[in-house]
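Data from protein-v7.cif: mmCIF, N, CA and C atoms
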```cif
data_structure
loop_
_atom_site.group_PDB
_atom_site.id
_atom_site.type_symbol
_atom_site.label_atom_id
_atom_site.label_comp_id
_atom_site.auth_asym_id
_atom_site.auth_seq_id
_atom_site.Cartn_x
_atom_site.Cartn_y
_atom_site.Cartn_z
ATOM 1 N N MET A 27 -74.826 -45.156 -12.009
ATOM 2 C CA MET A 27 -74.227 -43.902 -12.406
ATOM 3 C C MET A 27 -72.718 -44.101 -12.493
ATOM 4 N N GLU A 28 -72.149 -43.777 -13.642
ATOM 5 C CA GLU A 28 -70.704 -43.863 -13.827
ATOM 6 C C GLU A 28 -70.075 -42.565 -13.349
ATOM 7 N N VAL A 29 -69.058 -42.674 -12.498
ATOM 8 C CA VAL A 29 -68.377 -41.503 -11.959
ATOM 9 C C VAL A 29 -66.872 -41.728 -11.987
ATOM 10 N N TRP A 30 -66.148 -40.667 -11.710
ATOM 11 C CA TRP A 30 -64.697 -40.698 -11.666
ATOM 12 C C TRP A 30 -64.251 -40.323 -10.264
ATOM 13 N N CYS A 31 -63.292 -41.054 -9.738
ATOM 14 C CA CYS A 31 -62.778 -40.822 -8.395
ATOM 15 C C CYS A 31 -61.444 -40.094 -8.501
ATOM 16 N N PHE A 32 -61.321 -39.006 -7.753
ATOM 17 C CA PHE A 32 -60.106 -38.201 -7.712
ATOM 18 C C PHE A 32 -59.634 -38.104 -6.270
ATOM 19 N N SER A 33 -58.350 -37.775 -6.075
ATOM 20 C CA SER A 33 -57.833 -37.511 -4.742
ATOM 21 C C SER A 33 -56.870 -36.334 -4.799
ATOM 22 N N ASP A 34 -56.624 -35.757 -3.613
ATOM 23 C CA ASP A 34 -55.627 -34.698 -3.524
ATOM 24 C C ASP A 34 -54.503 -35.174 -2.606
ATOM 25 N N ALA A 35 -53.493 -34.362 -2.387
ATOM 26 C CA ALA A 35 -52.323 -34.762 -1.602
ATOM 27 C C ALA A 35 -52.624 -34.936 -0.123
ATOM 28 N N ARG A 36 -53.727 -34.351 0.390
ATOM 29 C CA ARG A 36 -54.059 -34.442 1.815
ATOM 30 C C ARG A 36 -54.916 -35.642 2.155
ATOM 31 N N GLY A 37 -55.319 -36.416 1.188
ATOM 32 C CA GLY A 37 -56.159 -37.568 1.458
ATOM 33 C C GLY A 37 -57.634 -37.310 1.233
ATOM 34 N N LEU A 38 -57.960 -36.144 0.719
ATOM 35 C CA LEU A 38 -59.348 -35.829 0.389
ATOM 36 C C LEU A 38 -59.685 -36.516 -0.927
ATOM 37 N N GLY A 39 -60.865 -37.097 -1.016
ATOM 38 C CA GLY A 39 -61.309 -37.738 -2.241
ATOM 39 C C GLY A 39 -62.539 -37.039 -2.780
ATOM 40 N N ALA A 40 -62.792 -37.196 -4.064
ATOM 41 C CA ALA A 40 -63.963 -36.598 -4.686
ATOM 42 C C ALA A 40 -64.477 -37.521 -5.774
ATOM 43 N N LEU A 41 -65.787 -37.503 -5.944
ATOM 44 C CA LEU A 41 -66.447 -38.224 -7.025
ATOM 45 C C LEU A 41 -67.154 -37.207 -7.901
ATOM 46 N N THR A 42 -67.057 -37.385 -9.208
ATOM 47 C CA THR A 42 -67.714 -36.491 -10.151
ATOM 48 C C THR A 42 -68.042 -37.254 -11.430
ATOM 49 N N ALA A 43 -69.040 -36.783 -12.146
ATOM 50 C CA ALA A 43 -69.383 -37.380 -13.436
ATOM 51 C C ALA A 43 -68.486 -36.828 -14.540
ATOM 52 N N ASP A 44 -67.678 -35.808 -14.233
ATOM 53 C CA ASP A 44 -66.768 -35.183 -15.203
ATOM 54 C C ASP A 44 -65.439 -35.930 -15.201
ATOM 55 N N GLU A 45 -65.154 -36.643 -16.269
ATOM 56 C CA GLU A 45 -63.944 -37.461 -16.364
ATOM 57 C C GLU A 45 -62.670 -36.645 -16.161
ATOM 58 N N ASN A 46 -62.693 -35.369 -16.486
ATOM 59 C CA ASN A 46 -61.519 -34.510 -16.333
ATOM 60 C C ASN A 46 -61.451 -33.840 -14.968
ATOM 61 N N GLY A 47 -62.507 -33.935 -14.169
ATOM 62 C CA GLY A 47 -62.531 -33.296 -12.865
ATOM 63 C C GLY A 47 -62.560 -31.778 -12.930
ATOM 64 N N ALA A 48 -62.974 -31.236 -14.066
ATOM 65 C CA ALA A 48 -62.959 -29.785 -14.272
ATOM 66 C C ALA A 48 -63.891 -29.032 -13.333
ATOM 67 N N ASN A 49 -64.884 -29.711 -12.769
ATOM 68 C CA ASN A 49 -65.832 -29.038 -11.873
ATOM 69 C C ASN A 49 -65.464 -29.183 -10.399
ATOM 70 N N LEU A 50 -64.328 -29.804 -10.098
ATOM 71 C CA LEU A 50 -63.903 -29.946 -8.704
ATOM 72 C C LEU A 50 -63.326 -28.624 -8.206
ATOM 73 N N PRO A 51 -63.487 -28.324 -6.921
ATOM 74 C CA PRO A 51 -63.001 -27.045 -6.380
ATOM 75 C C PRO A 51 -61.481 -26.899 -6.533
ATOM 76 N N VAL A 52 -61.063 -25.888 -7.243
ATOM 77 C CA VAL A 52 -59.643 -25.651 -7.504
ATOM 78 C C VAL A 52 -58.880 -25.466 -6.189
ATOM 79 N N GLU A 53 -59.495 -24.774 -5.231
ATOM 80 C CA GLU A 53 -58.815 -24.484 -3.967
ATOM 81 C C GLU A 53 -58.543 -25.734 -3.132
ATOM 82 N N LEU A 54 -59.185 -26.840 -3.451
ATOM 83 C CA LEU A 54 -58.973 -28.092 -2.725
ATOM 84 C C LEU A 54 -58.002 -29.018 -3.444
ATOM 85 N N GLY A 55 -57.578 -28.648 -4.636
ATOM 86 C CA GLY A 55 -56.700 -29.480 -5.438
ATOM 87 C C GLY A 55 -55.237 -29.261 -5.094
ATOM 88 N N PRO A 56 -54.328 -29.740 -5.930
ATOM 89 C CA PRO A 56 -54.608 -30.331 -7.233
ATOM 90 C C PRO A 56 -55.194 -31.739 -7.103
ATOM 91 N N TRP A 57 -56.058 -32.066 -8.041
ATOM 92 C CA TRP A 57 -56.752 -33.340 -8.051
ATOM 93 C C TRP A 57 -56.051 -34.305 -8.997
ATOM 94 N N HIS A 58 -56.017 -35.579 -8.601
ATOM 95 C CA HIS A 58 -55.405 -36.629 -9.412
ATOM 96 C C HIS A 58 -56.427 -37.737 -9.624
ATOM 97 N N LEU A 59 -56.618 -38.108 -10.875
ATOM 98 C CA LEU A 59 -57.562 -39.169 -11.226
ATOM 99 C C LEU A 59 -57.086 -40.495 -10.655
ATOM 100 N N ILE A 60 -57.993 -41.181 -9.968
ATOM 101 C CA ILE A 60 -57.701 -42.496 -9.409
ATOM 102 C C ILE A 60 -58.304 -43.597 -10.282
ATOM 103 N N ALA A 61 -59.614 -43.519 -10.517
ATOM 104 C CA ALA A 61 -60.285 -44.575 -11.278
ATOM 105 C C ALA A 61 -61.712 -44.176 -11.609
ATOM 106 N N GLY A 62 -62.279 -44.852 -12.562
ATOM 107 C CA GLY A 62 -63.703 -44.751 -12.854
ATOM 108 C C GLY A 62 -64.422 -45.842 -12.090
ATOM 109 N N LEU A 63 -65.649 -45.577 -11.683
ATOM 110 C CA LEU A 63 -66.429 -46.589 -10.983
ATOM 111 C C LEU A 63 -67.914 -46.333 -11.183
ATOM 112 N N SER A 64 -68.694 -47.273 -10.751
ATOM 113 C CA SER A 64 -70.140 -47.199 -10.906
ATOM 114 C C SER A 64 -70.799 -47.157 -9.534
ATOM 115 N N LEU A 65 -71.657 -46.153 -9.320
ATOM 116 C CA LEU A 65 -72.411 -46.049 -8.071
ATOM 117 C C LEU A 65 -73.775 -46.691 -8.258
ATOM 118 N N SER A 66 -74.166 -47.488 -7.289
ATOM 119 C CA SER A 66 -75.460 -48.164 -7.368
ATOM 120 C C SER A 66 -76.477 -47.463 -6.479
ATOM 121 N N GLU A 67 -77.664 -47.990 -6.460
ATOM 122 C CA GLU A 67 -78.728 -47.508 -5.578
ATOM 123 C C GLU A 67 -78.883 -48.419 -4.360
ATOM 124 N N GLU A 68 -78.067 -49.469 -4.285
ATOM 125 C CA GLU A 68 -78.220 -50.476 -3.237
ATOM 126 C C GLU A 68 -77.791 -50.015 -1.852
ATOM 127 N N HIS A 69 -76.775 -49.171 -1.776
ATOM 128 C CA HIS A 69 -76.209 -48.771 -0.494
ATOM 129 C C HIS A 69 -76.482 -47.296 -0.219
ATOM 130 N N ALA A 70 -76.782 -46.978 1.037
ATOM 131 C CA ALA A 70 -77.151 -45.616 1.416
ATOM 132 C C ALA A 70 -76.061 -44.600 1.077
ATOM 133 N N ASP A 71 -74.784 -44.940 1.303
ATOM 134 C CA ASP A 71 -73.725 -43.982 1.024
ATOM 135 C C ASP A 71 -73.576 -43.724 -0.470
ATOM 136 N N GLU A 72 -73.807 -44.729 -1.288
ATOM 137 C CA GLU A 72 -73.754 -44.539 -2.740
ATOM 138 C C GLU A 72 -74.944 -43.724 -3.229
ATOM 139 N N ARG A 73 -76.115 -43.946 -2.629
ATOM 140 C CA ARG A 73 -77.288 -43.124 -2.975
ATOM 141 C C ARG A 73 -77.033 -41.663 -2.628
ATOM 142 N N GLU A 74 -76.432 -41.416 -1.457
ATOM 143 C CA GLU A 74 -76.125 -40.044 -1.046
ATOM 144 C C GLU A 74 -75.097 -39.417 -1.986
ATOM 145 N N ALA A 75 -74.079 -40.150 -2.368
ATOM 146 C CA ALA A 75 -73.084 -39.637 -3.312
ATOM 147 C C ALA A 75 -73.741 -39.286 -4.642
ATOM 148 N N ARG A 76 -74.625 -40.135 -5.128
ATOM 149 C CA ARG A 76 -75.345 -39.859 -6.377
ATOM 150 C C ARG A 76 -76.154 -38.576 -6.253
ATOM 151 N N ARG A 77 -76.855 -38.423 -5.112
ATOM 152 C CA ARG A 77 -77.672 -37.225 -4.900
ATOM 153 C C ARG A 77 -76.807 -35.968 -4.915
ATOM 154 N N LEU A 78 -75.683 -36.014 -4.227
ATOM 155 C CA LEU A 78 -74.793 -34.851 -4.166
ATOM 156 C C LEU A 78 -74.197 -34.524 -5.530
ATOM 157 N N ILE A 79 -73.851 -35.541 -6.298
ATOM 158 C CA ILE A 79 -73.293 -35.312 -7.632
ATOM 159 C C ILE A 79 -74.339 -34.677 -8.537
ATOM 160 N N VAL A 80 -75.568 -35.144 -8.472
ATOM 161 C CA VAL A 80 -76.640 -34.549 -9.273
ATOM 162 C C VAL A 80 -76.881 -33.101 -8.849
ATOM 163 N N GLU A 81 -76.874 -32.859 -7.542
ATOM 164 C CA GLU A 81 -77.177 -31.518 -7.024
ATOM 165 C C GLU A 81 -76.018 -30.533 -7.195
ATOM 166 N N HIS A 82 -74.782 -30.983 -6.922
ATOM 167 C CA HIS A 82 -73.637 -30.069 -6.894
ATOM 168 C C HIS A 82 -72.596 -30.326 -7.984
ATOM 169 N N GLY A 83 -72.709 -31.442 -8.674
ATOM 170 C CA GLY A 83 -71.726 -31.782 -9.699
ATOM 171 C C GLY A 83 -70.605 -32.677 -9.188
ATOM 172 N N PHE A 84 -70.464 -32.785 -7.868
ATOM 173 C CA PHE A 84 -69.432 -33.617 -7.262
ATOM 174 C C PHE A 84 -69.794 -33.852 -5.799
ATOM 175 N N CYS A 85 -69.098 -34.776 -5.173
ATOM 176 C CA CYS A 85 -69.128 -34.910 -3.711
ATOM 177 C C CYS A 85 -67.711 -35.224 -3.277
ATOM 178 N N TRP A 86 -67.341 -34.774 -2.090
ATOM 179 C CA TRP A 86 -66.014 -35.060 -1.580
ATOM 180 C C TRP A 86 -66.112 -35.835 -0.280
ATOM 181 N N PHE A 87 -65.035 -36.507 0.059
ATOM 182 C CA PHE A 87 -65.005 -37.346 1.246
ATOM 183 C C PHE A 87 -63.562 -37.467 1.729
ATOM 184 N N GLY A 88 -63.391 -37.880 2.962
ATOM 185 C CA GLY A 88 -62.062 -38.070 3.515
ATOM 186 C C GLY A 88 -61.853 -37.187 4.723
ATOM 187 N N GLU A 89 -60.628 -36.770 4.915
ATOM 188 C CA GLU A 89 -60.298 -35.933 6.063
ATOM 189 C C GLU A 89 -61.041 -34.613 6.022
ATOM 190 N N LYS A 90 -61.308 -34.088 7.234
ATOM 191 C CA LYS A 90 -61.959 -32.775 7.316
ATOM 192 C C LYS A 90 -61.018 -31.717 6.757
ATOM 193 N N LEU A 91 -61.609 -30.697 6.170
ATOM 194 C CA LEU A 91 -60.810 -29.592 5.663
ATOM 195 C C LEU A 91 -60.264 -28.790 6.833
ATOM 196 N N ARG A 92 -59.023 -28.443 6.757
ATOM 197 C CA ARG A 92 -58.413 -27.650 7.822
ATOM 198 C C ARG A 92 -58.440 -26.192 7.434
ATOM 199 N N SER A 93 -58.726 -25.324 8.434
ATOM 200 C CA SER A 93 -58.753 -23.891 8.125
ATOM 201 C C SER A 93 -57.402 -23.254 8.330
#
```

For this file, produce the structure as structure tokens.
Amino acid sequence: MEVWCFSDARGLGALTADENGANLPVELGPWHLIAGLSLSEEHADEREARRLIVEHGFCWFGEKLRS
């Protein structure tokens, strides 16, 4: 699965199949494109990321969100 990696200023990262990141949560941005990459089925974390992207359109990772 080809995806795009984005990050925000707080160190939060996100993966999405949308090259423009238009489906990423606006309230967590602004998002900056880092790179395109390919997720495989070989590793559990990549399988989970693929599942989340299919289900939600994106997955995020990194520091916990602060309230």

Q. Just so the selection is clear, what residues does the PyMOL selection byres ((chain A and resi 62) around 7) cover here, as a list in words?
A. Glu28, Val29, Trp30, Cys31, Ile60, Ala61, Leu63 and Ser64 of chain A

Give me a file of those residues, with N, CA and C atoms, as an mmCIF file, in the frame of the given file.
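Output saved as selection-v3.cif:
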```cif
data_model
loop_
_atom_site.group_PDB
_atom_site.id
_atom_site.type_symbol
_atom_site.label_atom_id
_atom_site.label_comp_id
_atom_site.auth_asym_id
_atom_site.auth_seq_id
_atom_site.Cartn_x
_atom_site.Cartn_y
_atom_site.Cartn_z
ATOM 1 N N GLU A 28 -72.149 -43.777 -13.642
ATOM 2 C CA GLU A 28 -70.704 -43.863 -13.827
ATOM 3 C C GLU A 28 -70.075 -42.565 -13.349
ATOM 4 N N VAL A 29 -69.058 -42.674 -12.498
ATOM 5 C CA VAL A 29 -68.377 -41.503 -11.959
ATOM 6 C C VAL A 29 -66.872 -41.728 -11.987
ATOM 7 N N TRP A 30 -66.148 -40.667 -11.710
ATOM 8 C CA TRP A 30 -64.697 -40.698 -11.666
ATOM 9 C C TRP A 30 -64.251 -40.323 -10.264
ATOM 10 N N CYS A 31 -63.292 -41.054 -9.738
ATOM 11 C CA CYS A 31 -62.778 -40.822 -8.395
ATOM 12 C C CYS A 31 -61.444 -40.094 -8.501
ATOM 13 N N ILE A 60 -57.993 -41.181 -9.968
ATOM 14 C CA ILE A 60 -57.701 -42.496 -9.409
ATOM 15 C C ILE A 60 -58.304 -43.597 -10.282
ATOM 16 N N ALA A 61 -59.614 -43.519 -10.517
ATOM 17 C CA ALA A 61 -60.285 -44.575 -11.278
ATOM 18 C C ALA A 61 -61.712 -44.176 -11.609
ATOM 19 N N LEU A 63 -65.649 -45.577 -11.683
ATOM 20 C CA LEU A 63 -66.429 -46.589 -10.983
ATOM 21 C C LEU A 63 -67.914 -46.333 -11.183
ATOM 22 N N SER A 64 -68.694 -47.273 -10.751
ATOM 23 C CA SER A 64 -70.140 -47.199 -10.906
ATOM 24 C C SER A 64 -70.799 -47.157 -9.534
#
```

Q.
Evaluate the PyMOL selection byres ((chain A and resi 36-46) around 6.5) against this structure - the residues, as a list in words, please.
A. Glu28, Val29, Trp30, Cys31, Phe32, Ser33, Asp34, Ala35, Gly47, Ala48, Asn49, Ile79, Gly83, Phe84, Cys85, Trp86, Phe87, Gly88 and Glu89 of chain A

Q.
Could you go through region 32-93 of chain A and tell me which residues DSSP, when run on the backbone, assigns to strand (DSSP E), listing them as a list in words?
A. Phe32, Ser33, Gly39, Ala40, Leu41, Thr42, His58, Leu59, Ile60, Ala61, Gly62, Leu63, Ser64, Phe84, Cys85, Trp86 and Phe87 of chain A

Q | Separation of atom N of Met27 (chain A) from CA of Glu68 (chain A) in Å | A | 10.8 Å

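Pairwise distance (CA of Ala70 (chain A), CA of Gly55 (chain A)) equals 26.9 Å.
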
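From atom N of His69 (chain A) back to atom N of Trp57 (chain A), the distance works out to 27.6 Å.
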
**Q.** Those in chain A with alpha helix (DSSP H) from DSSP, as a ChimeraX atom specification
**A.** /A:70-82

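For Ser66 (chain A), the set of protein, DNA and RNA residues having any atom at most 9 Å away, when counting only C-alpha atoms and skipping those fewer than 6 positions along the same chain, is A:Met27, A:Glu72, A:Arg73, A:Arg76.
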
Just need the box for region 54-67 of chain A, edges along x, y and z, holding every atom the file lists for it with 4 Å tacked onto each side, so centre and edge lengths in Å to one decimal, as lines of an AutoDock Vina configuration file.
```
center_x = -66.6
center_y = -37.6
center_z = -7.8
size_x = 32.6
size_y = 29.6
size_z = 18.1
```
